[in-house]
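**Q** One structure follows; several queries about it will come next.
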Amino acid sequence: MNTEQKKQNSPLIEIAINVLIPSFILMKLSGDDKLGTVGALMLALALPLVYGGYELVTNKKFNFIALLGFVSVLLTGGIGLLELDTKWLALKEALIPGLIGIAVLGSTYTKFPIVKKMVMNDAIFNLPLIEQSLVENNQQSRFEQSLLTSNYMFAGTFLFSSIMNYVLATWIVTSPAGTEAFNNELGRLTLISYPMIAIPSIVMMLGIFYYLWRQIQKLTKLETEQIIRQ
């Protein structure tokens with residue numbers, strides 16, 4: 001009997017593993033009398049790396065964003081351990097959301113914009129009724145344009161993240177890599193990035209989804225209970 005049930009991890013656990021615990025390790029355990037700069041850096045990076053690897057293996061599915069997370073952690077470790085100039089850290093922080101934004105923007109010119117794949121889900125929406133209503137109201141082209149507009153806005157949220165990541169990394173991490181001060185600043189960067197970048201990005205994404213939801217209601221003239229899959 002196959003009872004393969006994948007549990008959704010708590011967001012609090014994910015924040016703790018990827019943000020809070022690594023920040024604590026870098027800021028509190030980097031002293032020579034504790035783990036030292038290299039030991040603290042390796043332990044702090046190992047947590048999200050192992051967690052991300054576990055998620056990739058257990059989900060048995062290629063995940064582009066998870067892969068970028070792997071690459072991000074490895075690059076951060078390389079910069080710290082090889083004691084490279086901190087400008088490379090700022091560039092790395094901007095690179096990851098920048099690449100995602102480019103992927104989202106590129107999908108606009110395909111048959112399946114990423115927003116369409118994310119939002120127009122048959123498990124959530126009554127797609128047959130929505131498509132029928134769009135045809136009856138002759139609004140298919142306007143709805144497709146709404147999807148493209150949403151996709152452009154979605155790519156814009158990653159552009160915002162890319163710029164903010166670069167600014168924060170340049171502002172906070174100024175000490176040479178391989179020092180206790182560098183680890184402390186890296187911990188602060190990890191801690192501050194979440195409320196200053198992730199939360200505004202989530203708010204912007206919710207705004208995009210609300211816009212698309214309103215467009216569906218406006219163009220189909222359907223009620224909420226008709227749009228949502230019962």
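Each chain in the structure tokens gets a letter, A, B and so on, in the order shown; residues start at 1 in every chain, and ligands are counted from 1 in the order they appear.
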If we count only C-alpha atoms, what is near segment 139-154 of chain A at a cut-off of 12 Å, once residues fewer than 6 positions away on the same chain are taken out, given as a PyMOL selection string?
**A** chain A and resi 97+100-120+130-133+160-161+201-221
**Q** Just list the residues in segment 46-223 of chain A DSSP gives alpha helix (DSSP H) on the backbone, as a short mmCIF file (atom, residue, chain, number, x, y, z; two decimals) with N, CA, C and O atoms, in the first residue's frame.
**A**
```
data_model
loop_
_atom_site.label_atom_id
_atom_site.label_comp_id
_atom_site.auth_asym_id
_atom_site.auth_seq_id
_atom_site.Cartn_x
_atom_site.Cartn_y
_atom_site.Cartn_z
N ALA A 46 25.87 25.21 6.46
CA ALA A 46 25.49 23.80 6.33
C ALA A 46 24.00 23.59 6.59
O ALA A 46 23.38 22.75 5.94
N LEU A 47 23.43 24.36 7.52
CA LEU A 47 22.02 24.16 7.87
C LEU A 47 21.09 24.36 6.66
O LEU A 47 20.35 23.44 6.31
N PRO A 48 21.10 25.54 6.01
CA PRO A 48 20.21 25.68 4.84
C PRO A 48 20.61 24.78 3.68
O PRO A 48 19.76 24.35 2.90
N LEU A 49 21.91 24.45 3.57
CA LEU A 49 22.36 23.58 2.49
C LEU A 49 21.81 22.17 2.66
O LEU A 49 21.25 21.59 1.72
N VAL A 50 21.93 21.62 3.86
CA VAL A 50 21.42 20.27 4.13
C VAL A 50 19.90 20.25 4.03
O VAL A 50 19.31 19.33 3.45
N TYR A 51 19.27 21.28 4.55
CA TYR A 51 17.80 21.36 4.50
C TYR A 51 17.31 21.42 3.06
O TYR A 51 16.38 20.71 2.66
N GLY A 52 17.96 22.27 2.24
CA GLY A 52 17.59 22.39 0.84
C GLY A 52 17.81 21.10 0.09
O GLY A 52 16.99 20.69 -0.75
N GLY A 53 18.93 20.41 0.39
CA GLY A 53 19.22 19.13 -0.25
C GLY A 53 18.19 18.08 0.12
O GLY A 53 17.74 17.31 -0.73
N TYR A 54 17.80 18.06 1.38
CA TYR A 54 16.79 17.12 1.84
C TYR A 54 15.46 17.35 1.12
O TYR A 54 14.80 16.41 0.68
N GLU A 55 15.09 18.63 0.96
CA GLU A 55 13.84 18.96 0.28
C GLU A 55 13.88 18.51 -1.18
O GLU A 55 12.90 17.98 -1.71
N LEU A 56 15.02 18.73 -1.83
CA LEU A 56 15.15 18.32 -3.23
C LEU A 56 15.02 16.81 -3.39
O LEU A 56 14.36 16.31 -4.29
N VAL A 57 15.68 16.07 -2.48
CA VAL A 57 15.67 14.60 -2.57
C VAL A 57 14.30 14.04 -2.25
O VAL A 57 13.78 13.17 -2.96
N THR A 58 13.67 14.52 -1.18
CA THR A 58 12.38 13.97 -0.77
C THR A 58 11.26 14.32 -1.74
O THR A 58 10.34 13.53 -1.94
N ASN A 59 11.34 15.51 -2.35
CA ASN A 59 10.30 15.89 -3.31
C ASN A 59 10.46 15.18 -4.65
O ASN A 59 9.53 15.15 -5.45
N PHE A 64 13.84 24.75 -9.75
CA PHE A 64 14.81 25.75 -10.19
C PHE A 64 15.18 26.70 -9.05
O PHE A 64 16.35 27.01 -8.84
N ILE A 65 14.19 27.12 -8.26
CA ILE A 65 14.45 28.07 -7.18
C ILE A 65 15.27 27.40 -6.07
O ILE A 65 16.19 28.00 -5.51
N ALA A 66 14.95 26.13 -5.76
CA ALA A 66 15.73 25.41 -4.75
C ALA A 66 17.17 25.25 -5.21
O ALA A 66 18.12 25.36 -4.42
N LEU A 67 17.36 24.99 -6.51
CA LEU A 67 18.70 24.86 -7.06
C LEU A 67 19.48 26.17 -6.91
O LEU A 67 20.66 26.18 -6.53
N LEU A 68 18.80 27.29 -7.17
CA LEU A 68 19.45 28.59 -6.99
C LEU A 68 19.82 28.82 -5.53
O LEU A 68 20.84 29.44 -5.22
N GLY A 69 18.96 28.32 -4.62
CA GLY A 69 19.29 28.43 -3.20
C GLY A 69 20.56 27.67 -2.86
O GLY A 69 21.42 28.16 -2.11
N PHE A 70 20.71 26.46 -3.42
CA PHE A 70 21.94 25.68 -3.27
C PHE A 70 23.15 26.49 -3.73
O PHE A 70 24.15 26.61 -3.04
N VAL A 71 23.03 27.02 -4.95
CA VAL A 71 24.14 27.78 -5.54
C VAL A 71 24.47 29.00 -4.69
O VAL A 71 25.64 29.31 -4.47
N SER A 72 23.43 29.67 -4.18
CA SER A 72 23.65 30.86 -3.35
C SER A 72 24.46 30.53 -2.11
O SER A 72 25.41 31.24 -1.76
N VAL A 73 24.08 29.44 -1.42
CA VAL A 73 24.79 29.04 -0.20
C VAL A 73 26.25 28.67 -0.52
O VAL A 73 27.18 29.06 0.20
N LEU A 74 26.45 27.92 -1.60
CA LEU A 74 27.80 27.51 -1.98
C LEU A 74 28.67 28.73 -2.32
O LEU A 74 29.84 28.79 -1.96
N LEU A 75 28.09 29.69 -3.03
CA LEU A 75 28.85 30.90 -3.38
C LEU A 75 29.21 31.71 -2.14
O LEU A 75 30.32 32.22 -2.00
N THR A 76 28.26 31.82 -1.21
CA THR A 76 28.54 32.54 0.04
C THR A 76 29.68 31.87 0.80
O THR A 76 30.59 32.53 1.30
N GLY A 77 29.62 30.54 0.88
CA GLY A 77 30.70 29.80 1.55
C GLY A 77 32.02 30.00 0.85
O GLY A 77 33.05 30.20 1.50
N GLY A 78 32.01 29.96 -0.49
CA GLY A 78 33.25 30.16 -1.24
C GLY A 78 33.85 31.53 -1.01
O GLY A 78 35.06 31.67 -0.81
N ILE A 79 33.01 32.56 -0.99
CA ILE A 79 33.48 33.93 -0.77
C ILE A 79 34.11 34.05 0.62
O ILE A 79 35.16 34.67 0.79
N GLY A 80 33.45 33.45 1.63
CA GLY A 80 33.96 33.54 2.99
C GLY A 80 35.24 32.75 3.20
O GLY A 80 36.20 33.24 3.78
N LEU A 81 35.25 31.52 2.71
CA LEU A 81 36.40 30.64 2.94
C LEU A 81 37.62 31.06 2.11
O LEU A 81 38.76 30.92 2.56
N LYS A 87 32.75 42.80 -2.38
CA LYS A 87 31.92 43.23 -3.51
C LYS A 87 31.32 42.01 -4.22
O LYS A 87 30.23 42.09 -4.79
N TRP A 88 32.02 40.86 -4.15
CA TRP A 88 31.50 39.64 -4.75
C TRP A 88 30.27 39.13 -4.00
O TRP A 88 29.36 38.55 -4.59
N LEU A 89 30.25 39.37 -2.68
CA LEU A 89 29.08 38.98 -1.90
C LEU A 89 27.87 39.82 -2.32
O LEU A 89 26.77 39.28 -2.50
N ALA A 90 28.08 41.13 -2.51
CA ALA A 90 26.98 42.00 -2.93
C ALA A 90 26.46 41.59 -4.30
O ALA A 90 25.24 41.54 -4.54
N LEU A 91 27.38 41.25 -5.21
CA LEU A 91 26.96 40.81 -6.54
C LEU A 91 26.21 39.50 -6.48
O LEU A 91 25.21 39.29 -7.19
N LYS A 92 26.67 38.59 -5.61
CA LYS A 92 25.99 37.30 -5.46
C LYS A 92 24.59 37.49 -4.91
O LYS A 92 23.63 36.85 -5.37
N GLU A 93 24.45 38.39 -3.92
CA GLU A 93 23.14 38.64 -3.33
C GLU A 93 22.15 39.19 -4.37
O GLU A 93 20.96 38.90 -4.31
N ALA A 94 22.66 39.98 -5.31
CA ALA A 94 21.79 40.53 -6.36
C ALA A 94 21.53 39.52 -7.46
O ALA A 94 20.48 39.57 -8.13
N LEU A 95 22.46 38.59 -7.66
CA LEU A 95 22.39 37.66 -8.79
C LEU A 95 21.20 36.70 -8.70
O LEU A 95 20.49 36.50 -9.70
N ILE A 96 20.97 36.12 -7.52
CA ILE A 96 19.96 35.07 -7.39
C ILE A 96 18.56 35.58 -7.73
O ILE A 96 17.90 35.03 -8.62
N PRO A 97 18.04 36.63 -7.06
CA PRO A 97 16.71 37.11 -7.46
C PRO A 97 16.70 37.67 -8.87
O PRO A 97 15.68 37.62 -9.56
N GLY A 98 17.86 38.20 -9.31
CA GLY A 98 17.94 38.70 -10.68
C GLY A 98 17.72 37.59 -11.70
O GLY A 98 17.00 37.78 -12.69
N LEU A 99 18.32 36.42 -11.46
CA LEU A 99 18.14 35.29 -12.38
C LEU A 99 16.69 34.80 -12.39
O LEU A 99 16.15 34.47 -13.44
N ILE A 100 16.08 34.77 -11.20
CA ILE A 100 14.67 34.36 -11.14
C ILE A 100 13.80 35.35 -11.91
O ILE A 100 12.90 34.97 -12.66
N GLY A 101 14.08 36.65 -11.72
CA GLY A 101 13.32 37.68 -12.42
C GLY A 101 13.45 37.54 -13.93
O GLY A 101 12.47 37.70 -14.67
N ILE A 102 14.66 37.24 -14.41
CA ILE A 102 14.88 37.05 -15.85
C ILE A 102 14.08 35.84 -16.35
O ILE A 102 13.49 35.87 -17.43
N ALA A 103 14.06 34.76 -15.54
CA ALA A 103 13.30 33.57 -15.92
C ALA A 103 11.80 33.89 -16.00
O ALA A 103 11.11 33.45 -16.94
N VAL A 104 11.30 34.65 -15.03
CA VAL A 104 9.88 35.04 -15.04
C VAL A 104 9.58 35.91 -16.26
O VAL A 104 8.59 35.71 -16.96
N LEU A 105 10.46 36.89 -16.51
CA LEU A 105 10.27 37.78 -17.66
C LEU A 105 10.32 36.99 -18.97
O LEU A 105 9.51 37.22 -19.87
N GLY A 106 11.27 36.07 -19.07
CA GLY A 106 11.39 35.26 -20.28
C GLY A 106 10.16 34.41 -20.54
O GLY A 106 9.78 34.20 -21.70
N SER A 107 9.51 33.97 -19.46
CA SER A 107 8.32 33.13 -19.63
C SER A 107 7.16 33.91 -20.25
O SER A 107 6.21 33.31 -20.78
N ILE A 114 4.80 32.29 -16.20
CA ILE A 114 4.87 31.67 -14.87
C ILE A 114 3.66 32.00 -14.01
O ILE A 114 3.14 31.14 -13.30
N VAL A 115 3.19 33.25 -14.08
CA VAL A 115 2.02 33.62 -13.27
C VAL A 115 0.81 32.77 -13.66
O VAL A 115 0.03 32.34 -12.80
N LYS A 116 0.66 32.50 -14.96
CA LYS A 116 -0.48 31.69 -15.41
C LYS A 116 -0.39 30.28 -14.83
O LYS A 116 -1.39 29.71 -14.37
N LYS A 117 0.82 29.70 -14.81
CA LYS A 117 1.00 28.35 -14.27
C LYS A 117 0.77 28.34 -12.76
O LYS A 117 0.24 27.37 -12.21
N MET A 118 1.17 29.42 -12.09
CA MET A 118 1.03 29.47 -10.64
C MET A 118 -0.41 29.69 -10.21
O MET A 118 -0.90 29.06 -9.27
N VAL A 119 -1.10 30.61 -10.90
CA VAL A 119 -2.42 31.05 -10.43
C VAL A 119 -3.55 30.23 -11.03
O VAL A 119 -4.47 29.80 -10.32
N LEU A 127 -11.83 26.23 -13.83
CA LEU A 127 -11.31 26.71 -15.11
C LEU A 127 -12.28 26.54 -16.28
O LEU A 127 -12.40 27.45 -17.11
N PRO A 128 -12.97 25.41 -16.40
CA PRO A 128 -13.92 25.29 -17.52
C PRO A 128 -14.96 26.40 -17.54
O PRO A 128 -15.27 26.96 -18.60
N LEU A 129 -15.51 26.74 -16.36
CA LEU A 129 -16.53 27.79 -16.30
C LEU A 129 -15.92 29.15 -16.59
O LEU A 129 -16.54 29.99 -17.28
N ILE A 130 -14.70 29.40 -16.07
CA ILE A 130 -14.03 30.67 -16.33
C ILE A 130 -13.77 30.83 -17.83
O ILE A 130 -14.06 31.89 -18.41
N GLU A 131 -13.25 29.79 -18.46
CA GLU A 131 -12.95 29.86 -19.90
C GLU A 131 -14.23 30.02 -20.72
O GLU A 131 -14.27 30.80 -21.68
N GLN A 132 -15.28 29.34 -20.32
CA GLN A 132 -16.56 29.46 -21.02
C GLN A 132 -17.10 30.89 -20.91
O GLN A 132 -17.58 31.46 -21.90
N SER A 133 -17.01 31.46 -19.71
CA SER A 133 -17.50 32.83 -19.49
C SER A 133 -16.69 33.84 -20.28
O SER A 133 -17.24 34.83 -20.80
N LEU A 134 -15.38 33.64 -20.37
CA LEU A 134 -14.53 34.54 -21.15
C LEU A 134 -14.92 34.51 -22.62
O LEU A 134 -14.97 35.55 -23.29
N VAL A 135 -15.22 33.31 -23.12
CA VAL A 135 -15.63 33.17 -24.53
C VAL A 135 -16.98 33.86 -24.74
O VAL A 135 -17.16 34.61 -25.71
N GLU A 136 -17.93 33.61 -23.84
CA GLU A 136 -19.26 34.20 -23.98
C GLU A 136 -19.24 35.72 -23.93
O GLU A 136 -20.02 36.39 -24.61
N GLN A 140 -11.41 36.92 -24.05
CA GLN A 140 -10.20 36.08 -23.96
C GLN A 140 -8.93 36.90 -24.11
O GLN A 140 -7.97 36.71 -23.36
N SER A 141 -8.91 37.80 -25.10
CA SER A 141 -7.68 38.57 -25.36
C SER A 141 -7.38 39.51 -24.21
O SER A 141 -6.21 39.69 -23.83
N ARG A 142 -8.41 40.12 -23.60
CA ARG A 142 -8.19 41.02 -22.47
C ARG A 142 -7.67 40.26 -21.26
O ARG A 142 -6.82 40.75 -20.51
N PHE A 143 -8.15 39.02 -21.09
CA PHE A 143 -7.68 38.22 -19.97
C PHE A 143 -6.22 37.80 -20.18
O PHE A 143 -5.41 37.84 -19.24
N GLU A 144 -5.87 37.43 -21.40
CA GLU A 144 -4.48 37.09 -21.70
C GLU A 144 -3.57 38.28 -21.45
O GLU A 144 -2.45 38.13 -20.95
N GLN A 145 -4.04 39.48 -21.79
CA GLN A 145 -3.26 40.69 -21.54
C GLN A 145 -3.08 40.92 -20.04
O GLN A 145 -2.02 41.35 -19.59
N SER A 146 -4.12 40.61 -19.26
CA SER A 146 -4.02 40.73 -17.80
C SER A 146 -2.97 39.77 -17.24
O SER A 146 -2.22 40.13 -16.32
N LEU A 147 -2.92 38.56 -17.82
CA LEU A 147 -1.91 37.59 -17.39
C LEU A 147 -0.50 38.09 -17.69
O LEU A 147 0.41 37.97 -16.87
N LEU A 148 -0.32 38.69 -18.88
CA LEU A 148 1.00 39.23 -19.25
C LEU A 148 1.38 40.37 -18.34
O LEU A 148 2.53 40.47 -17.89
N THR A 149 0.44 41.26 -18.06
CA THR A 149 0.71 42.38 -17.15
C THR A 149 1.11 41.88 -15.77
O THR A 149 2.06 42.37 -15.15
N SER A 150 0.40 40.84 -15.28
CA SER A 150 0.72 40.26 -13.98
C SER A 150 2.12 39.66 -14.00
O SER A 150 2.86 39.76 -13.01
N ASN A 151 2.49 39.04 -15.12
CA ASN A 151 3.81 38.43 -15.22
C ASN A 151 4.91 39.49 -15.19
O ASN A 151 5.95 39.30 -14.55
N TYR A 152 4.69 40.60 -15.88
CA TYR A 152 5.65 41.71 -15.83
C TYR A 152 5.81 42.23 -14.40
O TYR A 152 6.93 42.50 -13.94
N MET A 153 4.68 42.39 -13.71
CA MET A 153 4.73 42.89 -12.33
C MET A 153 5.45 41.89 -11.42
O MET A 153 6.21 42.28 -10.53
N PHE A 154 5.21 40.59 -11.67
CA PHE A 154 5.86 39.54 -10.88
C PHE A 154 7.37 39.58 -11.08
O PHE A 154 8.14 39.48 -10.11
N ALA A 155 7.81 39.76 -12.31
CA ALA A 155 9.25 39.90 -12.58
C ALA A 155 9.80 41.14 -11.88
O ALA A 155 10.94 41.14 -11.39
N GLY A 156 8.98 42.20 -11.79
CA GLY A 156 9.40 43.43 -11.11
C GLY A 156 9.68 43.23 -9.64
O GLY A 156 10.55 43.90 -9.06
N THR A 157 8.95 42.29 -8.99
CA THR A 157 9.21 42.04 -7.56
C THR A 157 10.62 41.48 -7.36
O THR A 157 11.27 41.77 -6.36
N PHE A 158 11.09 40.67 -8.32
CA PHE A 158 12.43 40.12 -8.20
C PHE A 158 13.50 41.16 -8.53
O PHE A 158 14.60 41.12 -7.98
N LEU A 159 13.16 42.09 -9.41
CA LEU A 159 14.07 43.21 -9.66
C LEU A 159 14.24 44.03 -8.39
O LEU A 159 15.36 44.42 -8.03
N PHE A 160 13.13 44.28 -7.68
CA PHE A 160 13.18 44.98 -6.39
C PHE A 160 14.08 44.23 -5.42
O PHE A 160 14.94 44.83 -4.75
N SER A 161 13.91 42.91 -5.32
CA SER A 161 14.71 42.11 -4.40
C SER A 161 16.19 42.16 -4.77
O SER A 161 17.06 42.25 -3.90
N SER A 162 16.47 42.10 -6.06
CA SER A 162 17.86 42.13 -6.53
C SER A 162 18.54 43.44 -6.13
O SER A 162 19.66 43.43 -5.60
N ILE A 163 17.87 44.55 -6.38
CA ILE A 163 18.44 45.87 -6.04
C ILE A 163 18.62 46.01 -4.53
O ILE A 163 19.67 46.45 -4.04
N MET A 164 17.58 45.62 -3.76
CA MET A 164 17.65 45.75 -2.31
C MET A 164 18.73 44.83 -1.72
O MET A 164 19.42 45.21 -0.77
N ASN A 165 18.88 43.64 -2.26
CA ASN A 165 19.92 42.73 -1.80
C ASN A 165 21.30 43.36 -1.97
O ASN A 165 22.16 43.28 -1.09
N TYR A 166 21.52 43.94 -3.14
CA TYR A 166 22.83 44.57 -3.43
C TYR A 166 23.08 45.74 -2.49
O TYR A 166 24.17 45.87 -1.92
N VAL A 167 22.06 46.58 -2.30
CA VAL A 167 22.21 47.76 -1.43
C VAL A 167 22.50 47.34 0.00
O VAL A 167 23.42 47.87 0.65
N LEU A 168 21.74 46.38 0.52
CA LEU A 168 21.93 45.94 1.90
C LEU A 168 23.29 45.28 2.10
O LEU A 168 23.98 45.54 3.10
N ALA A 169 23.68 44.42 1.15
CA ALA A 169 24.98 43.75 1.28
C ALA A 169 26.12 44.75 1.25
O ALA A 169 27.09 44.64 2.00
N THR A 170 26.03 45.75 0.38
CA THR A 170 27.06 46.78 0.29
C THR A 170 27.12 47.62 1.56
O THR A 170 28.19 48.01 2.02
N TRP A 171 25.95 47.88 2.14
CA TRP A 171 25.86 48.73 3.33
C TRP A 171 26.30 48.00 4.60
O TRP A 171 27.00 48.56 5.44
N ILE A 172 25.91 46.72 4.74
CA ILE A 172 26.13 46.01 6.00
C ILE A 172 27.47 45.29 6.04
O ILE A 172 28.20 45.35 7.04
N GLU A 180 36.10 37.61 12.00
CA GLU A 180 34.93 37.49 12.87
C GLU A 180 33.91 38.58 12.54
O GLU A 180 32.70 38.35 12.56
N ALA A 181 34.43 39.79 12.24
CA ALA A 181 33.53 40.90 11.89
C ALA A 181 32.72 40.59 10.64
O ALA A 181 31.53 40.92 10.55
N PHE A 182 33.36 39.93 9.65
CA PHE A 182 32.65 39.54 8.42
C PHE A 182 31.50 38.60 8.75
O PHE A 182 30.38 38.76 8.25
N ASN A 183 31.76 37.60 9.61
CA ASN A 183 30.70 36.66 9.99
C ASN A 183 29.56 37.37 10.71
O ASN A 183 28.39 37.09 10.47
N ASN A 184 29.92 38.29 11.60
CA ASN A 184 28.89 39.05 12.31
C ASN A 184 28.01 39.84 11.35
O ASN A 184 26.79 39.87 11.46
N GLU A 185 28.66 40.49 10.39
CA GLU A 185 27.93 41.30 9.41
C GLU A 185 27.09 40.43 8.49
O GLU A 185 25.97 40.80 8.12
N LEU A 186 27.61 39.26 8.14
CA LEU A 186 26.85 38.32 7.30
C LEU A 186 25.61 37.83 8.05
O LEU A 186 24.53 37.69 7.46
N GLY A 187 25.77 37.59 9.35
CA GLY A 187 24.62 37.20 10.17
C GLY A 187 23.58 38.29 10.22
O GLY A 187 22.37 38.03 10.11
N ARG A 188 24.02 39.54 10.39
CA ARG A 188 23.09 40.68 10.41
C ARG A 188 22.39 40.83 9.07
O ARG A 188 21.20 41.11 9.00
N LEU A 189 23.15 40.63 7.99
CA LEU A 189 22.56 40.73 6.65
C LEU A 189 21.45 39.69 6.47
O LEU A 189 20.37 40.01 5.97
N THR A 190 21.73 38.45 6.88
CA THR A 190 20.73 37.38 6.77
C THR A 190 19.48 37.71 7.58
O THR A 190 18.35 37.51 7.12
N LEU A 191 19.69 38.27 8.77
CA LEU A 191 18.58 38.58 9.68
C LEU A 191 17.75 39.76 9.16
O LEU A 191 16.52 39.73 9.20
N ILE A 192 18.43 40.79 8.66
CA ILE A 192 17.73 42.01 8.23
C ILE A 192 17.07 41.83 6.87
O ILE A 192 16.03 42.42 6.59
N SER A 193 17.66 40.97 6.03
CA SER A 193 17.12 40.81 4.67
C SER A 193 15.69 40.32 4.68
O SER A 193 14.89 40.71 3.82
N ILE A 199 9.41 40.34 3.12
CA ILE A 199 8.04 40.74 3.45
C ILE A 199 7.47 41.73 2.43
O ILE A 199 6.35 41.54 1.94
N PRO A 200 8.21 42.81 2.05
CA PRO A 200 7.68 43.69 0.99
C PRO A 200 7.43 42.94 -0.32
O PRO A 200 6.45 43.23 -1.02
N SER A 201 8.29 41.98 -0.65
CA SER A 201 8.10 41.21 -1.88
C SER A 201 6.82 40.39 -1.81
O SER A 201 6.07 40.30 -2.80
N ILE A 202 6.54 39.79 -0.65
CA ILE A 202 5.32 39.01 -0.47
C ILE A 202 4.09 39.90 -0.61
O ILE A 202 3.10 39.54 -1.26
N VAL A 203 4.16 41.11 -0.02
CA VAL A 203 3.04 42.06 -0.13
C VAL A 203 2.79 42.43 -1.60
O VAL A 203 1.64 42.49 -2.05
N MET A 204 3.88 42.66 -2.35
CA MET A 204 3.73 42.99 -3.77
C MET A 204 3.11 41.83 -4.54
O MET A 204 2.25 42.03 -5.40
N MET A 205 3.53 40.59 -4.23
CA MET A 205 2.97 39.43 -4.91
C MET A 205 1.48 39.27 -4.59
O MET A 205 0.68 38.95 -5.48
N LEU A 206 1.11 39.50 -3.34
CA LEU A 206 -0.31 39.43 -2.98
C LEU A 206 -1.11 40.47 -3.75
O LEU A 206 -2.25 40.22 -4.17
N GLY A 207 -0.51 41.65 -3.94
CA GLY A 207 -1.16 42.70 -4.73
C GLY A 207 -1.38 42.25 -6.17
O GLY A 207 -2.42 42.53 -6.77
N ILE A 208 -0.40 41.56 -6.74
CA ILE A 208 -0.51 41.06 -8.11
C ILE A 208 -1.63 40.04 -8.21
O ILE A 208 -2.46 40.08 -9.13
N PHE A 209 -1.66 39.09 -7.25
CA PHE A 209 -2.70 38.07 -7.29
C PHE A 209 -4.09 38.68 -7.09
O PHE A 209 -5.08 38.23 -7.68
N TYR A 210 -4.18 39.72 -6.25
CA TYR A 210 -5.47 40.39 -6.05
C TYR A 210 -5.92 41.06 -7.35
O TYR A 210 -7.09 41.01 -7.73
N TYR A 211 -4.97 41.70 -8.04
CA TYR A 211 -5.27 42.34 -9.33
C TYR A 211 -5.82 41.30 -10.32
O TYR A 211 -6.84 41.55 -11.00
N LEU A 212 -5.18 40.15 -10.40
CA LEU A 212 -5.60 39.12 -11.34
C LEU A 212 -6.97 38.57 -10.95
O LEU A 212 -7.83 38.31 -11.81
N TRP A 213 -7.18 38.40 -9.66
CA TRP A 213 -8.47 37.93 -9.17
C TRP A 213 -9.59 38.89 -9.57
O TRP A 213 -10.65 38.47 -10.03
N ARG A 214 -9.34 40.17 -9.39
CA ARG A 214 -10.34 41.17 -9.75
C ARG A 214 -10.60 41.17 -11.26
O ARG A 214 -11.73 41.38 -11.70
N GLN A 215 -9.55 40.93 -12.06
CA GLN A 215 -9.71 40.86 -13.50
C GLN A 215 -10.59 39.68 -13.90
O GLN A 215 -11.43 39.79 -14.80
N ILE A 216 -10.41 38.55 -13.22
CA ILE A 216 -11.23 37.37 -13.51
C ILE A 216 -12.70 37.68 -13.22
O ILE A 216 -13.59 37.39 -14.04
N GLN A 217 -12.96 38.31 -12.07
CA GLN A 217 -14.33 38.66 -11.72
C GLN A 217 -14.93 39.65 -12.73
O GLN A 217 -16.07 39.51 -13.16
N LYS A 218 -14.13 40.65 -13.09
CA LYS A 218 -14.61 41.70 -13.99
C LYS A 218 -14.90 41.16 -15.40
O LYS A 218 -15.93 41.49 -16.00
N LEU A 219 -14.00 40.33 -15.92
CA LEU A 219 -14.12 39.89 -17.31
C LEU A 219 -15.10 38.73 -17.49
O LEU A 219 -15.67 38.58 -18.57
N THR A 220 -15.25 37.91 -16.44
CA THR A 220 -16.17 36.76 -16.55
C THR A 220 -17.56 37.08 -16.02
O THR A 220 -18.52 36.37 -16.34
#
```
**Q** Report, in Å with one decimal, the straight-line distance from atom CA of Asp33 of chain A to atom CA of Thr174 of chain A.
**A**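 Separating atom CA of Asp33 of chain A from atom CA of Thr174 of chain A is a distance of 23.1 Å.
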**Q** Please, what distance in Å, to one decimal, runs between atom CA of Lys28 of chain A and atom CA of Ala40 of chain A?
**A**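 Atom-to-atom, atom CA of Lys28 of chain A to atom CA of Ala40 of chain A, that is 8.8 Å.
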**Q** In Å, with one decimal, what is the gap from atom CA of Ile17 of chain A to atom CA of Val173 of chain A?
**A** 21.4 Å
